[in-house]
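Pasted below: target16.pdb, PDB, C-alpha atoms, pLDDT in the B column.
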```
ATOM      1  CA  ASP A   1     -24.707 -55.372 -37.559  1.00 89.00           C
ATOM      2  CA  VAL A   2     -23.939 -57.463 -34.473  1.00 89.00           C
ATOM      3  CA  PRO A   3     -20.737 -59.519 -34.733  1.00 88.00           C
ATOM      4  CA  VAL A   4     -20.392 -63.189 -33.697  1.00 87.00           C
ATOM      5  CA  ASP A   5     -18.620 -62.469 -30.394  1.00 87.00           C
ATOM      6  CA  MET A   6     -21.153 -59.892 -29.217  1.00 86.00           C
ATOM      7  CA  GLY A   7     -24.100 -62.123 -30.185  1.00 85.00           C
ATOM      8  CA  GLY A   8     -22.666 -65.024 -28.171  1.00 88.00           C
ATOM      9  CA  SER A   9     -21.302 -63.042 -25.228  1.00 86.00           C
ATOM     10  CA  SER A  10     -24.589 -61.185 -24.725  1.00 84.00           C
ATOM     11  CA  GLY A  11     -26.754 -64.299 -25.011  1.00 87.00           C
ATOM     12  CA  LEU A  12     -28.672 -62.864 -27.965  1.00 84.00           C
ATOM     13  CA  SER A  13     -27.534 -65.660 -30.280  1.00 88.00           C
ATOM     14  CA  ASP A  14     -25.602 -68.905 -30.308  1.00 89.00           C
ATOM     15  CA  ASN A  15     -22.475 -67.186 -31.640  1.00 88.00           C
ATOM     16  CA  ARG A  16     -24.104 -66.107 -34.889  1.00 88.00           C
ATOM     17  CA  PRO A  17     -23.791 -62.679 -36.438  1.00 89.00           C
ATOM     18  CA  PHE A  18     -27.032 -60.825 -37.179  1.00 89.00           C
ATOM     19  CA  HIS A  19     -28.446 -57.598 -38.493  1.00 89.00           C
ATOM     20  CA  VAL A  20     -30.698 -55.269 -36.475  1.00 87.00           C
ATOM     21  CA  ARG A  21     -33.154 -52.783 -37.974  1.00 84.00           C
ATOM     22  CA  ILE A  22     -34.802 -50.149 -35.819  1.00 83.00           C
ATOM     23  CA  PHE A  23     -38.339 -49.023 -36.593  1.00 81.00           C
ATOM     24  CA  LYS A  24     -40.004 -46.007 -35.007  1.00 79.00           C
ATOM     25  CA  VAL A  25     -43.739 -45.435 -34.698  1.00 74.00           C
ATOM     26  CA  ALA A  26     -43.297 -41.783 -35.690  1.00 76.00           C
ATOM     27  CA  ASP A  27     -40.655 -39.554 -37.201  1.00 79.00           C
ATOM     28  CA  ASP A  28     -39.667 -38.092 -33.836  1.00 82.00           C
ATOM     29  CA  GLU A  29     -36.525 -38.600 -31.746  1.00 84.00           C
ATOM     30  CA  ASN A  30     -38.646 -39.570 -28.695  1.00 85.00           C
ATOM     31  CA  ALA A  31     -40.888 -42.035 -30.550  1.00 82.00           C
ATOM     32  CA  THR A  32     -41.112 -45.671 -29.464  1.00 81.00           C
ATOM     33  CA  GLN A  33     -38.581 -47.896 -31.201  1.00 82.00           C
ATOM     34  CA  VAL A  34     -38.806 -51.584 -32.045  1.00 81.00           C
ATOM     35  CA  LYS A  35     -35.728 -53.608 -32.972  1.00 81.00           C
ATOM     36  CA  ILE A  36     -36.147 -56.383 -35.539  1.00 80.00           C
ATOM     37  CA  MET A  37     -33.297 -58.870 -35.845  1.00 82.00           C
ATOM     38  CA  GLN A  38     -32.441 -60.835 -38.975  1.00 82.00           C
ATOM     39  CA  PHE A  39     -30.341 -63.997 -38.981  1.00 85.00           C
ATOM     40  CA  LYS A  40     -29.443 -64.741 -42.610  1.00 83.00           C
ATOM     41  CA  ASP A  41     -27.935 -68.179 -41.896  1.00 83.00           C
ATOM     42  CA  ALA A  42     -30.621 -69.235 -39.369  1.00 82.00           C
ATOM     43  CA  PRO A  43     -33.999 -67.817 -40.441  1.00 74.00           C
ATOM     44  CA  GLY A  44     -36.022 -69.699 -37.807  1.00 78.00           C
ATOM     45  CA  LYS A  45     -39.408 -71.331 -38.234  1.00 80.00           C
ATOM     46  CA  ARG A  46     -42.623 -69.547 -39.012  1.00 80.00           C
ATOM     47  CA  VAL A  47     -45.526 -69.867 -36.601  1.00 83.00           C
ATOM     48  CA  ASP A  48     -49.204 -69.614 -37.437  1.00 86.00           C
ATOM     49  CA  ASN A  49     -49.996 -65.895 -37.095  1.00 81.00           C
ATOM     50  CA  THR A  50     -53.404 -66.087 -38.750  1.00 86.00           C
ATOM     51  CA  PHE A  51     -55.050 -64.771 -35.566  1.00 86.00           C
ATOM     52  CA  ILE A  52     -53.722 -63.861 -32.121  1.00 82.00           C
ATOM     53  CA  HIS A  53     -55.011 -67.169 -30.741  1.00 86.00           C
ATOM     54  CA  SER A  54     -53.366 -69.340 -33.428  1.00 87.00           C
ATOM     55  CA  SER A  55     -50.076 -70.009 -31.586  1.00 83.00           C
ATOM     56  CA  TYR A  56     -48.500 -69.755 -28.133  1.00 80.00           C
ATOM     57  CA  GLY A  57     -46.208 -66.902 -27.196  1.00 74.00           C
ATOM     58  CA  ILE A  58     -46.254 -63.192 -27.910  1.00 73.00           C
ATOM     59  CA  ARG A  59     -48.647 -62.791 -30.813  1.00 72.00           C
ATOM     60  CA  TYR A  60     -48.772 -59.074 -31.371  1.00 81.00           C
ATOM     61  CA  LEU A  61     -47.600 -55.685 -30.170  1.00 86.00           C
ATOM     62  CA  THR A  62     -49.771 -52.660 -29.433  1.00 89.00           C
ATOM     63  CA  PHE A  63     -48.555 -49.153 -30.137  1.00 89.00           C
ATOM     64  CA  TYR A  64     -50.447 -46.109 -28.938  1.00 89.00           C
ATOM     65  CA  VAL A  65     -50.104 -43.470 -31.642  1.00 90.00           C
ATOM     66  CA  SER A  66     -50.932 -39.769 -31.692  1.00 90.00           C
ATOM     67  CA  ASP A  67     -52.156 -39.763 -35.321  1.00 92.00           C
ATOM     68  CA  MET A  68     -53.826 -42.915 -36.656  1.00 94.00           C
ATOM     69  CA  THR A  69     -54.029 -41.638 -40.240  1.00 94.00           C
ATOM     70  CA  ALA A  70     -50.309 -40.854 -40.430  1.00 92.00           C
ATOM     71  CA  SER A  71     -49.371 -44.095 -38.626  1.00 92.00           C
ATOM     72  CA  VAL A  72     -51.411 -46.286 -41.008  1.00 93.00           C
ATOM     73  CA  GLU A  73     -49.897 -44.530 -44.015  1.00 93.00           C
ATOM     74  CA  ARG A  74     -46.392 -44.965 -42.580  1.00 90.00           C
ATOM     75  CA  ALA A  75     -47.079 -48.688 -42.002  1.00 90.00           C
ATOM     76  CA  ARG A  76     -48.359 -49.104 -45.586  1.00 91.00           C
ATOM     77  CA  LYS A  77     -45.255 -47.419 -47.004  1.00 91.00           C
ATOM     78  CA  ALA A  78     -43.097 -49.841 -44.969  1.00 86.00           C
ATOM     79  CA  GLY A  79     -44.883 -52.840 -46.530  1.00 88.00           C
ATOM     80  CA  ALA A  80     -47.501 -53.612 -43.870  1.00 89.00           C
ATOM     81  CA  VAL A  81     -51.006 -54.728 -44.809  1.00 91.00           C
ATOM     82  CA  ILE A  82     -53.991 -53.165 -43.039  1.00 93.00           C
ATOM     83  CA  LEU A  83     -56.340 -55.966 -41.915  1.00 92.00           C
ATOM     84  CA  ALA A  84     -60.136 -56.229 -41.919  1.00 88.00           C
ATOM     85  CA  LYS A  85     -61.953 -52.893 -41.855  1.00 89.00           C
ATOM     86  CA  GLY A  86     -59.300 -50.971 -39.937  1.00 81.00           C
ATOM     87  CA  PRO A  87     -58.926 -48.402 -38.717  1.00 92.00           C
ATOM     88  CA  ILE A  88     -62.199 -48.775 -36.824  1.00 93.00           C
ATOM     89  CA  GLU A  89     -63.532 -46.503 -34.100  1.00 91.00           C
ATOM     90  CA  LEU A  90     -63.564 -48.093 -30.655  1.00 90.00           C
ATOM     91  CA  PRO A  91     -66.739 -48.064 -28.527  1.00 84.00           C
ATOM     92  CA  LYS A  92     -67.350 -44.717 -26.812  1.00 82.00           C
ATOM     93  CA  ASP A  93     -66.808 -46.240 -23.343  1.00 78.00           C
ATOM     94  CA  LEU A  94     -63.141 -46.762 -24.315  1.00 72.00           C
ATOM     95  CA  GLY A  95     -62.737 -43.122 -25.288  1.00 70.00           C
ATOM     96  CA  THR A  96     -64.232 -40.747 -27.807  1.00 78.00           C
ATOM     97  CA  GLY A  97     -62.487 -40.619 -31.169  1.00 89.00           C
ATOM     98  CA  VAL A  98     -60.111 -43.523 -30.473  1.00 92.00           C
ATOM     99  CA  PHE A  99     -59.386 -45.846 -33.397  1.00 93.00           C
ATOM    100  CA  LEU A 100     -57.817 -49.267 -33.762  1.00 93.00           C
ATOM    101  CA  ALA A 101     -56.018 -50.709 -36.785  1.00 93.00           C
ATOM    102  CA  LEU A 102     -54.476 -54.157 -36.975  1.00 93.00           C
ATOM    103  CA  VAL A 103     -51.663 -54.470 -39.501  1.00 91.00           C
ATOM    104  CA  ARG A 104     -49.561 -57.406 -40.647  1.00 89.00           C
ATOM    105  CA  ASP A 105     -45.900 -56.581 -41.209  1.00 83.00           C
ATOM    106  CA  PRO A 106     -43.893 -58.089 -44.103  1.00 78.00           C
ATOM    107  CA  ASP A 107     -42.835 -61.028 -41.862  1.00 78.00           C
ATOM    108  CA  GLY A 108     -46.447 -61.797 -40.931  1.00 81.00           C
ATOM    109  CA  ASN A 109     -46.355 -60.317 -37.415  1.00 82.00           C
ATOM    110  CA  LEU A 110     -49.501 -58.648 -36.086  1.00 86.00           C
ATOM    111  CA  ILE A 111     -49.186 -55.032 -34.950  1.00 88.00           C
ATOM    112  CA  GLU A 112     -52.063 -53.157 -33.300  1.00 91.00           C
ATOM    113  CA  LEU A 113     -52.206 -49.372 -33.590  1.00 92.00           C
ATOM    114  CA  VAL A 114     -54.484 -47.441 -31.200  1.00 92.00           C
ATOM    115  CA  GLY A 115     -55.086 -43.699 -31.197  1.00 93.00           C
ATOM    116  CA  PRO A 116     -56.991 -40.717 -32.555  1.00 94.00           C
ATOM    117  CA  LYS A 117     -57.225 -39.606 -36.147  1.00 92.00           C
ATOM    118  CA  LYS A 118     -55.911 -36.111 -36.765  1.00 85.00           C
ATOM    119  CA  LYS A 119     -57.584 -33.876 -39.294  1.00 69.00           C
TER     120      LYS A 119
END
```

Structure translated into structure tokens:
Amino acid sequence: DVPVDMGGSSGLSDNRPFHVRIFKVADDENATQVKIMQFKDAPGKRVDNTFIHSSYGIRYLTFYVSDMTASVERARKAGAVILAKGPIELPKDLGTGVFLALVRDPDGNLIELVGPKKK
């Protein structure tokens, strides 16, 4: 939890407290982390995240993963929805055995996972 004074002094908020959750792409101490902030008294406005071209701004994040199967399962368990036919194998000119999955997190954000499937 980030208190009012730290939120305002750091420029992260307009003197509002907020909660931060940290998500990791794998269960490893060196895995990439993403911080998601929640403002209970100022939830913000939703944008159209139907597709990556639906709104201005950062529309999605890409994470390169070492095990697509495990990453998709981890995303599902966290409440994400796997979109379209993913994971799909990318064309061979982009690398042999490389897959892509687009997931929508519980807030509607688009997350792209790219990497191999492990057996």

Report task. Rounded to one decimal place, report the atom CA of Leu113 of chain A-atom CA of Lys77 of chain A distance in Å. Result -> 15.2 Å

Query raised in the report: What is the atom CA of Ser66 of chain A to atom CA of Asn49 of chain A distance in Å?
Result: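 Going from atom CA of Ser66 of chain A over to atom CA of Asn49 of chain A, I get 26.7 Å.
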
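The nearest approach to Leu61 of chain A among the residues A:Val4, A:Leu12, A:Val103, A:Val98, with all atoms listed in the file taken into account, belongs to A:Val103.
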
Query raised in the report: Given the choices A:Gly108, A:Gly11, A:Pro116, A:Gly86, which gets closest to Arg46 of chain A if the distance is worked out from all atoms listed in the file?
Result: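 Checking each of A:Gly108, A:Gly11, A:Pro116, A:Gly86 against Arg46 of chain A, counting all atoms listed in the file, the winner is A:Gly108.
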
Report task. Check the smallest atom-to-atom distance from each of A:Glu112, A:Val2, A:Thr96, A:Lys117 to Tyr60 of chain A using all atoms listed in the file, then report the winner. Result ->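 That would be A:Glu112, the residue with the smallest distance to Tyr60 of chain A.
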
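Proximity ranking of A:Ile52, A:Leu110, A:Ala26, A:Ile58 relative to Arg74 of chain A places A:Ala26 first, based on all atoms listed in the file.
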
Could you tell me which residues the PyMOL selection byres ((chain A and resi 105) around 10) grabs in this file, written as a CSV table (one decimal) with C-alpha atoms, in the coordinates of the input?
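Output saved as out.csv:
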```csv
chain,number,residue,atom,x,y,z
A,75,ALA,CA,-47.1,-48.7,-42.0
A,76,ARG,CA,-48.4,-49.1,-45.6
A,78,ALA,CA,-43.1,-49.8,-45.0
A,79,GLY,CA,-44.9,-52.8,-46.5
A,80,ALA,CA,-47.5,-53.6,-43.9
A,81,VAL,CA,-51.0,-54.7,-44.8
A,82,ILE,CA,-54.0,-53.2,-43.0
A,102,LEU,CA,-54.5,-54.2,-37.0
A,103,VAL,CA,-51.7,-54.5,-39.5
A,104,ARG,CA,-49.6,-57.4,-40.6
A,106,PRO,CA,-43.9,-58.1,-44.1
A,107,ASP,CA,-42.8,-61.0,-41.9
A,108,GLY,CA,-46.4,-61.8,-40.9
A,109,ASN,CA,-46.4,-60.3,-37.4
A,110,LEU,CA,-49.5,-58.6,-36.1
A,111,ILE,CA,-49.2,-55.0,-35.0
```

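The closest residue to Asp67 of chain A, picked from A:Met6, A:Leu94, A:Ala101, A:Val20 and counting only C-alpha atoms, is A:Ala101.
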
**Report entry** Exercise: Val47 of chain A partners within 9 Å, only C-alpha atoms, chain neighbours under 6 positions left out, as a PyMOL selection string
**Finding:** chain A and resi 54-56

Report task. Would you translate the PyMOL selection byres ((chain A and resi 14) around 12) into the concrete set of residues it matches in this file, as an MDAnalysis selection string? Result -> chainID A and resid 3:13 15:18 39 41:42

File of the preceding selection, C-alpha atoms, as a PDB file, in the coordinates of the input:
```pdb
ATOM      1  CA  PRO A   3     -20.737 -59.519 -34.733  1.00 88.00           C
ATOM      2  CA  VAL A   4     -20.392 -63.189 -33.697  1.00 87.00           C
ATOM      3  CA  ASP A   5     -18.620 -62.469 -30.394  1.00 87.00           C
ATOM      4  CA  MET A   6     -21.153 -59.892 -29.217  1.00 86.00           C
ATOM      5  CA  GLY A   7     -24.100 -62.123 -30.185  1.00 85.00           C
ATOM      6  CA  GLY A   8     -22.666 -65.024 -28.171  1.00 88.00           C
ATOM      7  CA  SER A   9     -21.302 -63.042 -25.228  1.00 86.00           C
ATOM      8  CA  SER A  10     -24.589 -61.185 -24.725  1.00 84.00           C
ATOM      9  CA  GLY A  11     -26.754 -64.299 -25.011  1.00 87.00           C
ATOM     10  CA  LEU A  12     -28.672 -62.864 -27.965  1.00 84.00           C
ATOM     11  CA  SER A  13     -27.534 -65.660 -30.280  1.00 88.00           C
ATOM     12  CA  ASN A  15     -22.475 -67.186 -31.640  1.00 88.00           C
ATOM     13  CA  ARG A  16     -24.104 -66.107 -34.889  1.00 88.00           C
ATOM     14  CA  PRO A  17     -23.791 -62.679 -36.438  1.00 89.00           C
ATOM     15  CA  PHE A  18     -27.032 -60.825 -37.179  1.00 89.00           C
ATOM     16  CA  PHE A  39     -30.341 -63.997 -38.981  1.00 85.00           C
ATOM     17  CA  ASP A  41     -27.935 -68.179 -41.896  1.00 83.00           C
ATOM     18  CA  ALA A  42     -30.621 -69.235 -39.369  1.00 82.00           C
TER      19      ALA A  42
END
```

Query - Nearest to Gln38 of chain A by atom-to-atom distance, counting all atoms listed in the file, from A:His53, A:Met68, A:Phe99, A:His19 - result: A:His19

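Atom CA of Asp28 of chain A to atom CA of Leu90 of chain A spans 26.1 Å [interatomic distance, one decimal].
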
Requested in this report: Please provide as a VMD selection string all residues within 6 Å of Leu100 of chain A, with the sequence filter that same-chain residues fewer than 3 positions apart are discarded (counting all atoms listed in the file).
Outcome: chain A and resid 87 to 88 113 to 114

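All protein, DNA and RNA residues at most 7 Å from (-36.9, -53.6, -31.9) are Ile22, Phe23, Gln33, Val34, Lys35 and Ile36 of chain A, using only C-alpha atoms.
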
Around all the atoms of segment 42-45 of chain A listed in the file, with 8 Å of room on each side, what axis-aligned box do you get, giving centre and edge lengths in Å to one decimal, as AutoDock Vina command-line options?
```
--center_x -35.0 --center_y -69.6 --center_z -39.1 --size_x 24.8 --size_y 19.5 --size_z 18.6
```

Just segment 77-108 of chain A from the block, N, CA and C atoms, as a PDB file, in the first residue's frame, could you?
```pdb
ATOM      1  N   LYS A  77      -5.176 -19.155 -14.641  1.00  0.00           N
ATOM      2  CA  LYS A  77      -5.412 -19.266 -13.200  1.00  0.00           C
ATOM      3  C   LYS A  77      -5.549 -17.898 -12.540  1.00  0.00           C
ATOM      4  N   ALA A  78      -4.918 -16.868 -13.130  1.00  0.00           N
ATOM      5  CA  ALA A  78      -4.987 -15.510 -12.580  1.00  0.00           C
ATOM      6  C   ALA A  78      -6.216 -14.756 -13.087  1.00  0.00           C
ATOM      7  N   GLY A  79      -7.040 -15.402 -13.926  1.00  0.00           N
ATOM      8  CA  GLY A  79      -8.273 -14.777 -14.393  1.00  0.00           C
ATOM      9  C   GLY A  79      -8.217 -14.197 -15.784  1.00  0.00           C
ATOM     10  N   ALA A  80      -7.125 -14.410 -16.510  1.00  0.00           N
ATOM     11  CA  ALA A  80      -7.016 -13.908 -17.885  1.00  0.00           C
ATOM     12  C   ALA A  80      -7.776 -14.823 -18.841  1.00  0.00           C
ATOM     13  N   VAL A  81      -8.212 -14.239 -19.952  1.00  0.00           N
ATOM     14  CA  VAL A  81      -8.910 -14.984 -20.994  1.00  0.00           C
ATOM     15  C   VAL A  81      -7.988 -15.084 -22.202  1.00  0.00           C
ATOM     16  N   ILE A  82      -7.809 -16.288 -22.731  1.00  0.00           N
ATOM     17  CA  ILE A  82      -6.987 -16.483 -23.916  1.00  0.00           C
ATOM     18  C   ILE A  82      -7.845 -16.123 -25.129  1.00  0.00           C
ATOM     19  N   LEU A  83      -7.350 -15.249 -25.998  1.00  0.00           N
ATOM     20  CA  LEU A  83      -8.124 -14.757 -27.133  1.00  0.00           C
ATOM     21  C   LEU A  83      -7.878 -15.564 -28.402  1.00  0.00           C
ATOM     22  N   ALA A  84      -8.862 -15.519 -29.286  1.00  0.00           N
ATOM     23  CA  ALA A  84      -8.809 -16.118 -30.620  1.00  0.00           C
ATOM     24  C   ALA A  84      -8.378 -17.577 -30.547  1.00  0.00           C
ATOM     25  N   LYS A  85      -7.422 -17.949 -31.358  1.00  0.00           N
ATOM     26  CA  LYS A  85      -6.989 -19.349 -31.443  1.00  0.00           C
ATOM     27  C   LYS A  85      -5.687 -19.600 -30.701  1.00  0.00           C
ATOM     28  N   GLY A  86      -5.259 -18.649 -29.888  1.00  0.00           N
ATOM     29  CA  GLY A  86      -3.957 -18.731 -29.244  1.00  0.00           C
ATOM     30  C   GLY A  86      -3.826 -19.867 -28.269  1.00  0.00           C
ATOM     31  N   PRO A  87      -2.609 -20.328 -28.033  1.00  0.00           N
ATOM     32  CA  PRO A  87      -1.393 -19.893 -28.692  1.00  0.00           C
ATOM     33  C   PRO A  87      -1.308 -20.437 -30.129  1.00  0.00           C
ATOM     34  N   ILE A  88      -0.781 -19.591 -31.012  1.00  0.00           N
ATOM     35  CA  ILE A  88      -0.586 -19.987 -32.402  1.00  0.00           C
ATOM     36  C   ILE A  88       0.904 -19.974 -32.702  1.00  0.00           C
ATOM     37  N   GLU A  89       1.327 -20.835 -33.617  1.00  0.00           N
ATOM     38  CA  GLU A  89       2.742 -20.856 -33.994  1.00  0.00           C
ATOM     39  C   GLU A  89       3.010 -19.726 -34.977  1.00  0.00           C
ATOM     40  N   LEU A  90       4.094 -19.001 -34.745  1.00  0.00           N
ATOM     41  CA  LEU A  90       4.475 -17.906 -35.635  1.00  0.00           C
ATOM     42  C   LEU A  90       5.099 -18.464 -36.913  1.00  0.00           C
ATOM     43  N   PRO A  91       5.085 -17.686 -37.996  1.00  0.00           N
ATOM     44  CA  PRO A  91       5.724 -18.142 -39.239  1.00  0.00           C
ATOM     45  C   PRO A  91       7.184 -18.523 -39.002  1.00  0.00           C
ATOM     46  N   LYS A  92       7.651 -19.505 -39.737  1.00  0.00           N
ATOM     47  CA  LYS A  92       9.010 -20.043 -39.554  1.00  0.00           C
ATOM     48  C   LYS A  92      10.094 -18.990 -39.699  1.00  0.00           C
ATOM     49  N   ASP A  93       9.850 -17.928 -40.507  1.00  0.00           N
ATOM     50  CA  ASP A  93      10.882 -16.896 -40.670  1.00  0.00           C
ATOM     51  C   ASP A  93      11.078 -16.067 -39.403  1.00  0.00           C
ATOM     52  N   LEU A  94      10.167 -16.193 -38.439  1.00  0.00           N
ATOM     53  CA  LEU A  94      10.309 -15.495 -37.153  1.00  0.00           C
ATOM     54  C   LEU A  94      10.933 -16.399 -36.093  1.00  0.00           C
ATOM     55  N   GLY A  95      11.203 -17.634 -36.464  1.00  0.00           N
ATOM     56  CA  GLY A  95      11.806 -18.576 -35.532  1.00  0.00           C
ATOM     57  C   GLY A  95      11.025 -19.871 -35.482  1.00  0.00           C
ATOM     58  N   THR A  96      11.714 -20.969 -35.441  1.00  0.00           N
ATOM     59  CA  THR A  96      11.064 -22.271 -35.396  1.00  0.00           C
ATOM     60  C   THR A  96      10.557 -22.562 -33.986  1.00  0.00           C
ATOM     61  N   GLY A  97       9.307 -22.992 -33.898  1.00  0.00           N
ATOM     62  CA  GLY A  97       8.747 -23.371 -32.605  1.00  0.00           C
ATOM     63  C   GLY A  97       8.431 -22.209 -31.683  1.00  0.00           C
ATOM     64  N   VAL A  98       8.201 -21.021 -32.244  1.00  0.00           N
ATOM     65  CA  VAL A  98       7.860 -19.847 -31.438  1.00  0.00           C
ATOM     66  C   VAL A  98       6.353 -19.613 -31.538  1.00  0.00           C
ATOM     67  N   PHE A  99       5.708 -19.451 -30.400  1.00  0.00           N
ATOM     68  CA  PHE A  99       4.261 -19.292 -30.338  1.00  0.00           C
ATOM     69  C   PHE A  99       3.877 -17.928 -29.792  1.00  0.00           C
ATOM     70  N   LEU A 100       2.670 -17.516 -30.125  1.00  0.00           N
ATOM     71  CA  LEU A 100       2.119 -16.251 -29.654  1.00  0.00           C
ATOM     72  C   LEU A 100       0.731 -16.515 -29.078  1.00  0.00           C
ATOM     73  N   ALA A 101       0.462 -15.929 -27.925  1.00  0.00           N
ATOM     74  CA  ALA A 101      -0.876 -15.970 -27.329  1.00  0.00           C
ATOM     75  C   ALA A 101      -1.218 -14.567 -26.871  1.00  0.00           C
ATOM     76  N   LEU A 102      -2.416 -14.126 -27.206  1.00  0.00           N
ATOM     77  CA  LEU A 102      -2.901 -12.831 -26.739  1.00  0.00           C
ATOM     78  C   LEU A 102      -3.936 -13.115 -25.664  1.00  0.00           C
ATOM     79  N   VAL A 103      -3.756 -12.515 -24.500  1.00  0.00           N
ATOM     80  CA  VAL A 103      -4.684 -12.733 -23.391  1.00  0.00           C
ATOM     81  C   VAL A 103      -5.242 -11.389 -22.947  1.00  0.00           C
ATOM     82  N   ARG A 104      -6.438 -11.436 -22.390  1.00  0.00           N
ATOM     83  CA  ARG A 104      -7.071 -10.240 -21.830  1.00  0.00           C
ATOM     84  C   ARG A 104      -7.127 -10.446 -20.323  1.00  0.00           C
ATOM     85  N   ASP A 105      -6.512  -9.518 -19.580  1.00  0.00           N
ATOM     86  CA  ASP A 105      -6.508  -9.649 -18.124  1.00  0.00           C
ATOM     87  C   ASP A 105      -7.875  -9.260 -17.556  1.00  0.00           C
ATOM     88  N   PRO A 106      -8.093  -9.467 -16.261  1.00  0.00           N
ATOM     89  CA  PRO A 106      -9.414  -9.167 -15.674  1.00  0.00           C
ATOM     90  C   PRO A 106      -9.863  -7.714 -15.817  1.00  0.00           C
ATOM     91  N   ASP A 107      -8.920  -6.771 -16.040  1.00  0.00           N
ATOM     92  CA  ASP A 107      -9.291  -5.367 -16.248  1.00  0.00           C
ATOM     93  C   ASP A 107      -9.511  -5.041 -17.721  1.00  0.00           C
ATOM     94  N   GLY A 108      -9.325  -6.013 -18.603  1.00  0.00           N
ATOM     95  CA  GLY A 108      -9.524  -5.792 -20.026  1.00  0.00           C
ATOM     96  C   GLY A 108      -8.271  -5.442 -20.798  1.00  0.00           C
TER      97      GLY A 108
END
```
